[in-house]
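Okay, my_file10.cif now, which holds mmCIF, C-alpha atoms:
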data_run
#
loop_
_atom_site.label_atom_id
_atom_site.label_comp_id
_atom_site.auth_asym_id
_atom_site.auth_seq_id
_atom_site.Cartn_x
_atom_site.Cartn_y
_atom_site.Cartn_z
CA MET A 3 -38.58 85.07 -43.13
CA MET A 4 -36.33 82.20 -42.09
CA ALA A 5 -35.43 79.87 -44.88
CA VAL A 6 -36.32 76.20 -44.41
CA ARG A 7 -33.43 73.92 -45.08
CA THR A 8 -34.25 70.84 -47.07
CA LEU A 9 -32.10 67.73 -46.67
CA PRO A 10 -30.77 66.24 -49.81
CA THR A 11 -32.67 63.24 -51.02
CA ARG A 12 -29.86 60.84 -50.21
CA HIS A 13 -30.06 61.81 -46.48
CA ARG A 14 -33.77 61.28 -46.06
CA LYS A 15 -34.90 58.20 -44.09
CA LYS A 16 -36.96 55.83 -46.10
CA PRO A 17 -40.14 54.59 -44.44
CA THR A 18 -39.77 51.03 -43.19
CA THR A 19 -42.32 48.33 -43.84
CA THR A 20 -42.66 45.39 -41.45
CA ILE A 21 -43.09 42.12 -43.24
CA PRO A 22 -44.94 39.61 -41.07
CA ASP A 23 -43.04 36.45 -40.28
CA PRO A 24 -45.09 33.55 -41.68
CA ARG A 25 -43.81 31.38 -38.81
CA ILE A 26 -45.61 33.55 -36.24
CA ARG A 27 -49.35 33.14 -35.92
CA THR A 28 -51.26 36.43 -35.78
CA ASP A 29 -54.63 34.85 -35.20
CA PRO A 30 -56.09 36.47 -32.03
CA THR A 31 -57.34 33.05 -30.96
CA HIS A 32 -53.80 31.62 -31.00
CA ARG A 33 -53.30 32.12 -27.27
CA SER A 34 -56.51 30.32 -26.32
CA ASP A 35 -55.76 27.56 -28.85
CA ARG A 36 -52.35 27.05 -27.30
CA ALA A 37 -53.84 26.87 -23.81
CA THR A 38 -56.30 24.25 -25.04
CA GLU A 39 -53.47 22.24 -26.59
CA VAL A 40 -51.48 22.31 -23.33
CA ARG A 41 -54.54 21.31 -21.33
CA GLU A 42 -55.36 18.43 -23.69
CA SER A 43 -51.73 17.30 -23.68
CA THR A 44 -51.69 17.28 -19.86
CA ASN A 45 -54.90 15.28 -19.75
CA ASP A 46 -53.50 12.80 -22.29
CA ARG A 47 -50.33 12.31 -20.22
CA ARG A 48 -52.39 11.83 -17.06
CA GLU A 49 -54.60 9.27 -18.78
CA ASN A 50 -51.54 7.46 -20.14
CA ARG A 51 -50.01 7.29 -16.66
CA ARG A 52 -53.28 5.97 -15.28
CA THR A 53 -53.47 3.32 -17.99
CA ARG A 54 -49.85 2.23 -17.51
CA ALA A 55 -50.32 2.15 -13.73
CA SER A 56 -53.47 0.08 -14.05
CA ARG A 57 -51.71 -2.44 -16.25
CA ALA A 58 -48.70 -2.58 -13.96
CA ASN A 59 -50.78 -2.95 -10.81
CA THR A 60 -52.83 -5.80 -12.25
CA MET A 61 -49.97 -7.40 -14.18
CA ASP A 62 -51.82 -7.18 -17.54
CA GLY A 63 -55.14 -8.17 -16.08
CA THR A 64 -53.91 -10.77 -13.59
CA PRO A 65 -54.77 -9.82 -9.98
CA LEU A 66 -51.92 -9.21 -7.59
CA THR A 67 -51.27 -11.96 -5.06
CA ALA A 68 -52.03 -11.11 -1.43
CA HIS A 69 -51.95 -13.29 1.68
CA SER A 70 -54.85 -11.61 3.49
CA HIS A 71 -57.15 -8.60 3.65
CA ALA A 72 -54.80 -7.17 6.26
CA GLU A 73 -51.97 -7.22 3.72
CA ILE A 74 -54.21 -5.52 1.14
CA HIS A 75 -55.02 -2.76 3.63
CA LEU A 76 -51.31 -2.19 4.34
CA PHE A 77 -50.51 -2.29 0.62
CA CYS A 78 -52.92 0.61 0.03
CA ARG A 79 -51.37 2.47 2.95
CA ALA A 80 -47.80 1.98 1.73
CA THR A 81 -48.30 2.37 -2.03
CA PRO A 82 -48.02 5.81 -3.70
CA CYS A 83 -50.74 7.02 -6.02
CA PRO A 84 -50.28 5.47 -9.50
CA VAL A 85 -51.35 8.77 -11.11
CA CYS A 86 -49.43 11.51 -9.25
CA GLY A 87 -46.90 9.42 -7.32
CA ARG A 88 -47.92 10.87 -3.98
CA GLY A 89 -50.81 9.89 -1.72
CA PRO A 90 -51.88 8.52 0.66
CA LEU A 91 -54.62 6.35 -0.80
CA GLU A 92 -57.92 5.95 1.00
CA SER A 93 -60.85 3.64 0.36
CA GLN A 94 -63.66 5.26 -1.61
CA ASP A 95 -66.11 3.32 0.55
CA PRO A 96 -65.15 3.49 4.26
CA HIS A 97 -67.42 0.50 4.92
CA GLU A 98 -65.50 -1.63 2.41
CA GLU A 99 -61.93 -0.75 3.40
CA CYS A 100 -60.54 -4.03 2.06
CA GLY A 101 -62.68 -4.02 -1.06
CA GLN A 102 -65.37 -6.29 -2.41
CA THR A 103 -64.46 -9.97 -2.45
CA VAL A 104 -65.88 -12.40 -4.99
CA GLY A 105 -64.63 -15.93 -4.46
CA HIS A 106 -60.92 -15.50 -3.81
CA THR A 107 -60.55 -12.17 -5.68
CA ALA A 108 -60.81 -8.77 -3.97
CA THR A 109 -61.28 -5.48 -5.83
CA VAL A 110 -60.27 -2.30 -4.00
CA ARG A 111 -61.24 1.18 -5.18
CA VAL A 112 -59.19 3.96 -3.65
CA LEU A 113 -58.91 7.73 -3.93
CA CYS A 114 -55.66 9.70 -3.70
CA LYS A 115 -55.82 12.40 -1.02
CA ALA A 116 -53.30 14.51 -2.96
CA CYS A 117 -54.64 14.59 -6.54
CA ARG A 118 -58.14 13.16 -5.86
CA GLU A 119 -57.76 10.68 -8.72
CA PRO A 120 -59.40 7.26 -8.28
CA SER A 121 -57.54 3.99 -8.78
CA GLU A 122 -58.49 0.35 -8.64
CA PHE A 123 -56.52 -2.72 -7.60
CA SER A 124 -57.43 -6.39 -7.88
CA PHE A 125 -55.99 -9.09 -5.63
CA ARG A 126 -56.05 -12.86 -5.61
CA LEU A 127 -56.50 -14.22 -2.07
CA PRO A 128 -55.92 -17.68 -0.62
CA PRO A 129 -58.55 -19.35 1.56
CA ASP A 130 -59.10 -17.43 4.78
CA PRO A 131 -55.91 -17.57 6.90
CA PRO A 132 -56.22 -18.90 10.43
CA PRO A 133 -57.24 -16.17 12.88
CA ASP A 134 -55.06 -15.08 15.77
CA PRO A 135 -55.81 -17.44 18.71
CA ALA A 136 -56.51 -14.51 21.03
CA GLY A 137 -58.53 -12.63 18.40
CA GLU A 138 -56.41 -9.50 18.82
CA LEU A 139 -55.70 -8.85 15.14
CA GLU A 140 -55.83 -10.39 11.70
CA ILE A 141 -52.70 -12.28 10.70
CA ILE A 142 -50.98 -10.71 7.68
CA SER A 143 -49.53 -13.98 6.44
CA PRO A 144 -49.46 -17.42 8.08
CA THR A 145 -46.67 -18.58 5.74
CA GLU A 146 -42.92 -17.93 5.58
CA GLU A 147 -43.24 -16.66 2.00
CA PRO A 148 -42.26 -12.99 1.58
CA SER A 149 -44.91 -10.61 0.36
CA ARG A 150 -45.29 -10.18 -3.39
CA ILE A 151 -46.92 -6.75 -3.16
CA ILE A 152 -45.06 -4.97 -0.32
CA ASP A 153 -41.26 -4.94 -0.40
CA VAL A 154 -38.83 -4.87 2.50
CA SER A 155 -38.46 -1.08 2.33
CA GLN A 156 -42.21 -0.55 2.58
CA TRP A 157 -42.53 -2.97 5.51
CA ILE A 158 -39.87 -1.01 7.41
CA THR A 159 -41.69 2.25 6.65
CA LEU A 160 -44.99 0.77 7.81
CA TYR A 161 -43.34 -0.37 11.03
CA ALA A 162 -42.01 3.15 11.67
CA VAL A 163 -45.40 4.77 10.98
CA LEU A 164 -47.33 2.37 13.23
CA HIS A 165 -44.73 2.56 16.00
CA GLU A 166 -44.81 6.36 15.98
CA GLU A 167 -48.61 6.29 16.01
CA SER A 168 -48.59 3.95 19.02
CA ALA A 169 -46.24 6.33 20.87
CA ARG A 170 -48.80 9.13 20.45
CA THR A 171 -51.71 6.98 21.64
CA SER A 172 -52.68 6.93 25.30
CA ALA A 173 -55.56 4.43 25.11
CA GLN A 174 -54.00 1.09 26.03
CA PRO A 175 -56.13 -1.22 23.82
CA ARG A 176 -55.43 0.91 20.77
CA LYS A 177 -51.77 1.28 21.70
CA ARG A 178 -51.33 -2.49 21.99
CA LEU A 179 -53.04 -3.09 18.65
CA LEU A 180 -50.70 -0.65 16.89
CA GLU A 181 -47.66 -2.25 18.51
CA LEU A 182 -48.84 -5.71 17.42
CA GLN A 183 -49.31 -4.45 13.86
CA ALA A 184 -45.87 -2.81 13.90
CA GLY A 185 -44.35 -6.09 15.06
CA GLN A 186 -46.07 -7.98 12.24
CA CYS A 187 -44.57 -5.54 9.72
CA LEU A 188 -41.09 -6.36 11.02
CA ASP A 189 -41.89 -10.08 10.83
CA GLU A 190 -42.81 -9.61 7.16
CA ALA A 191 -39.65 -7.59 6.48
CA LEU A 192 -37.46 -10.30 8.01
CA LYS A 193 -39.00 -12.94 5.71
CA PHE A 194 -37.05 -11.41 2.81
CA PHE A 195 -33.74 -12.40 4.39
CA GLY A 196 -34.52 -16.12 4.24
CA ASP A 197 -32.14 -18.54 5.97
CA GLU A 198 -28.98 -16.79 4.80
CA GLU A 199 -26.60 -15.29 7.32
CA ASN A 200 -26.24 -12.08 5.36
CA ASP A 201 -27.16 -9.08 7.51
CA LEU A 202 -28.57 -7.23 4.48
CA PRO A 203 -31.53 -8.21 2.27
CA PRO A 204 -31.00 -9.59 -1.26
CA PRO A 205 -31.75 -7.51 -4.39
CA SER A 206 -35.04 -9.38 -4.88
CA ALA A 207 -36.34 -7.77 -1.68
CA PHE A 208 -36.73 -4.41 -3.48
CA PHE A 209 -39.51 -3.88 -5.99
CA ASP A 210 -38.66 -0.49 -7.50
CA ASP A 211 -35.87 2.04 -8.01
CA SER A 212 -36.89 4.27 -5.12
CA ALA A 213 -36.50 1.36 -2.68
CA ARG A 214 -33.18 0.37 -4.22
CA ASN A 215 -31.94 3.97 -3.96
CA ARG A 216 -32.97 4.11 -0.31
CA PHE A 217 -31.04 0.91 0.36
CA ARG A 218 -28.02 2.21 -1.53
CA ASN A 219 -27.98 5.48 0.42
CA GLN A 220 -28.86 4.10 3.87
CA PRO A 221 -28.01 0.39 4.02
CA GLN A 222 -27.81 0.48 7.83
CA GLU A 223 -31.60 0.87 7.97
CA PHE A 224 -31.96 -2.60 6.47
CA SER A 225 -29.70 -4.47 8.88
CA ARG A 226 -31.25 -7.79 9.90
CA GLN A 227 -29.92 -7.44 13.45
CA ARG A 228 -31.35 -3.93 13.71
CA LEU A 229 -34.80 -5.20 12.71
CA ILE A 230 -34.52 -8.12 15.13
CA ASN A 231 -33.70 -5.70 17.95
CA PHE A 232 -36.71 -3.54 17.09
CA ARG A 233 -38.93 -6.63 16.99
CA ALA A 234 -37.77 -7.78 20.43
CA ALA A 235 -39.06 -4.56 21.94
CA LEU A 236 -42.60 -5.13 20.65
CA PRO A 237 -45.30 -7.48 21.98
CA LYS A 238 -46.47 -10.65 20.26
CA PRO A 239 -50.05 -11.92 20.04
CA LEU A 240 -51.28 -13.94 23.00
CA GLY A 241 -51.87 -17.67 22.71
#

Could I get this structure in the form of structure tokens?
Amino acid sequence: MMAVRTLPTRHRKKPTTTIPDPRIRTDPTHRSDRATEVRESTNDRRENRRTRASRANTMDGTPLTAHSHAEIHLFCRATPCPVCGRGPLESQDPHEECGQTVGHTATVRVLCKACREPSEFSFRLPPDPPPDPAGELEIISPTEEPSRIIDVSQWITLYAVLHEESARTSAQPRKRLLELQAGQCLDEALKFFGDEENDLPPPSAFFDDSARNRFRNQPQEFSRQRLINFRAALPKPLG
């Protein structure tokens, strides 16, 4: 019979015992708890952004100042969603595109097409501006005062969007209306230059960092003469 060789005691491997790390949770519900915490944290951040955006958009409860319902409509079209930063925004009630007006205050409820989150904006309006003599469109602003809710960068973007839309439209009445609206956007952009001879707009013409960065990276887009040339190629209201 073959002899079985026994290892000396000092060569035998001692059994190892794993000591649980008290820093690591072994509760089987830990994973679901963590998912709940992440979800709640995300919801809290979203609600905080919504609250901050609401305060910023109403200036601590004071309605924003608009010149007309037409300006409010373009503000909603040019403004990113205050919750996700994307958009576009659309009226929650298609029959009340410019909101409900009480006295000289308009409240607009919109829904973001990207994140589907609702937002609300309040605006203070002056007495009804004089209508266009030919009745072709609503005047954005009858004054020479620059907009307080749409900056020069947004007006230029609105012009480009409306001009491109008019180029794709074959129906002449609709095409003319879009060109008139695009021209009005350039008129509003040029109001930021004032009477100065500077070919570029002043710092006060930009309302946020994204607009200032756009100006810093592409200043040629904001040339007064360039905007004047674009405006000369567009029609003006009759009358």

Quick one: residues within 6 Å of A:Gln94, all atoms listed in the file counted, chain neighbours fewer than 4 positions away excluded, as an NGL selection string?
:A and (111-113)

Quick one: distance from atom CA of A:Ile158 to atom CA of A:Ser124 in Å, one decimal?
23.9 Å

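Atom pair atom CA of A:Arg79 / atom CA of A:Leu91 has a distance of 6.3 Å (rounded to one decimal).
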
Between atom CA of A:Phe125 and atom CA of A:Pro204, measure the distance and give it in Å to one decimal.
25.4 Å

Fewer than 3 positions away in the same chain doesn't count, so skip those; otherwise give me all residues within 8 Å of A:Gly89, counting all atoms listed in the file, as JSON, numbers by chain.
{"A": [81, 82, 83, 86, 114, 115, 116, 117]}

Write the residues of the selection above to a file with C-alpha atoms, as an mmCIF file, in the coordinates of the input.
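Result saved to again05.cif:
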data_model
loop_
_atom_site.group_PDB
_atom_site.id
_atom_site.type_symbol
_atom_site.label_atom_id
_atom_site.label_comp_id
_atom_site.auth_asym_id
_atom_site.auth_seq_id
_atom_site.Cartn_x
_atom_site.Cartn_y
_atom_site.Cartn_z
ATOM 1 C CA THR A 81 -48.300 2.370 -2.030
ATOM 2 C CA PRO A 82 -48.020 5.810 -3.700
ATOM 3 C CA CYS A 83 -50.740 7.020 -6.020
ATOM 4 C CA CYS A 86 -49.430 11.510 -9.250
ATOM 5 C CA CYS A 114 -55.660 9.700 -3.700
ATOM 6 C CA LYS A 115 -55.820 12.400 -1.020
ATOM 7 C CA ALA A 116 -53.300 14.510 -2.960
ATOM 8 C CA CYS A 117 -54.640 14.590 -6.540
#

Which one of A:Gln186, A:Gln156, A:Ser206, A:Ser172 sits closest to A:Ala80 if you count all atoms listed in the file?
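Residue with the minimum atom-to-atom distance to A:Ala80: A:Gln156.
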
Pull out every residue that the PyMOL selection byres ((chain A and resi 184) around 6) matches in the shown coordinates and put them as a count of residues only.
9

Choose the residue, out of A:Asn231, A:Ser70, A:Asn219, A:Thr171, that has the smallest atom-to-atom separation from A:Ile141; count only C-alpha atoms.
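Result for the nearest residue to A:Ile141: A:Ser70.
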
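Between A:Leu139 and the candidates A:Leu236, A:Ala169, A:Leu179, A:Val110, the tightest atom-to-atom separation, counting only C-alpha atoms, involves A:Leu179.
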
Report as a PyMOL selection string the full result of the PyMOL selection byres ((chain A and resi 151) around 7) when it is applied to this structure.
chain A and resi 68+77+149-150+152-153

Selection above as a file: C-alpha atoms, as a short mmCIF file (atom, residue, chain, number, x, y, z; two decimals), keeping the file's coordinate frame:
data_model
loop_
_atom_site.label_atom_id
_atom_site.label_comp_id
_atom_site.auth_asym_id
_atom_site.auth_seq_id
_atom_site.Cartn_x
_atom_site.Cartn_y
_atom_site.Cartn_z
CA ALA A 68 -52.03 -11.11 -1.43
CA PHE A 77 -50.51 -2.29 0.62
CA SER A 149 -44.91 -10.61 0.36
CA ARG A 150 -45.29 -10.18 -3.39
CA ILE A 152 -45.06 -4.97 -0.32
CA ASP A 153 -41.26 -4.94 -0.40
#

Counting all atoms listed in the file, figure out which residue out of A:Leu188, A:Leu76, A:Ala108, A:Ile142 gets nearest to A:Ala235.
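When distances to A:Ala235 are compared using all atoms listed in the file, the smallest one comes from A:Leu188.
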
Residue nearest A:Asp197 - candidates A:Glu146, A:Pro128, A:Pro84, A:Lys177, atoms counted: all atoms listed in the file
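Of all the options, A:Glu146 lies closest to A:Asp197.
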
Of the listed residues A:Glu119, A:Glu190, A:Asp130, A:Glu199, that which approaches A:Thr159 most closely, counting all atoms listed in the file:
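Checking each candidate against A:Thr159, we get A:Glu190 as the closest.
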
Please determine an axis-aligned box that encloses all atoms of stretch 81-95 of chain A listed in the file, with 4 Å added on each side, and express its centre and edge lengths in Å to one decimal as lines of an AutoDock Vina configuration file.
center_x = -56.5
center_y = 6.9
center_z = -5.1
size_x = 27.2
size_y = 17.1
size_z = 20.1
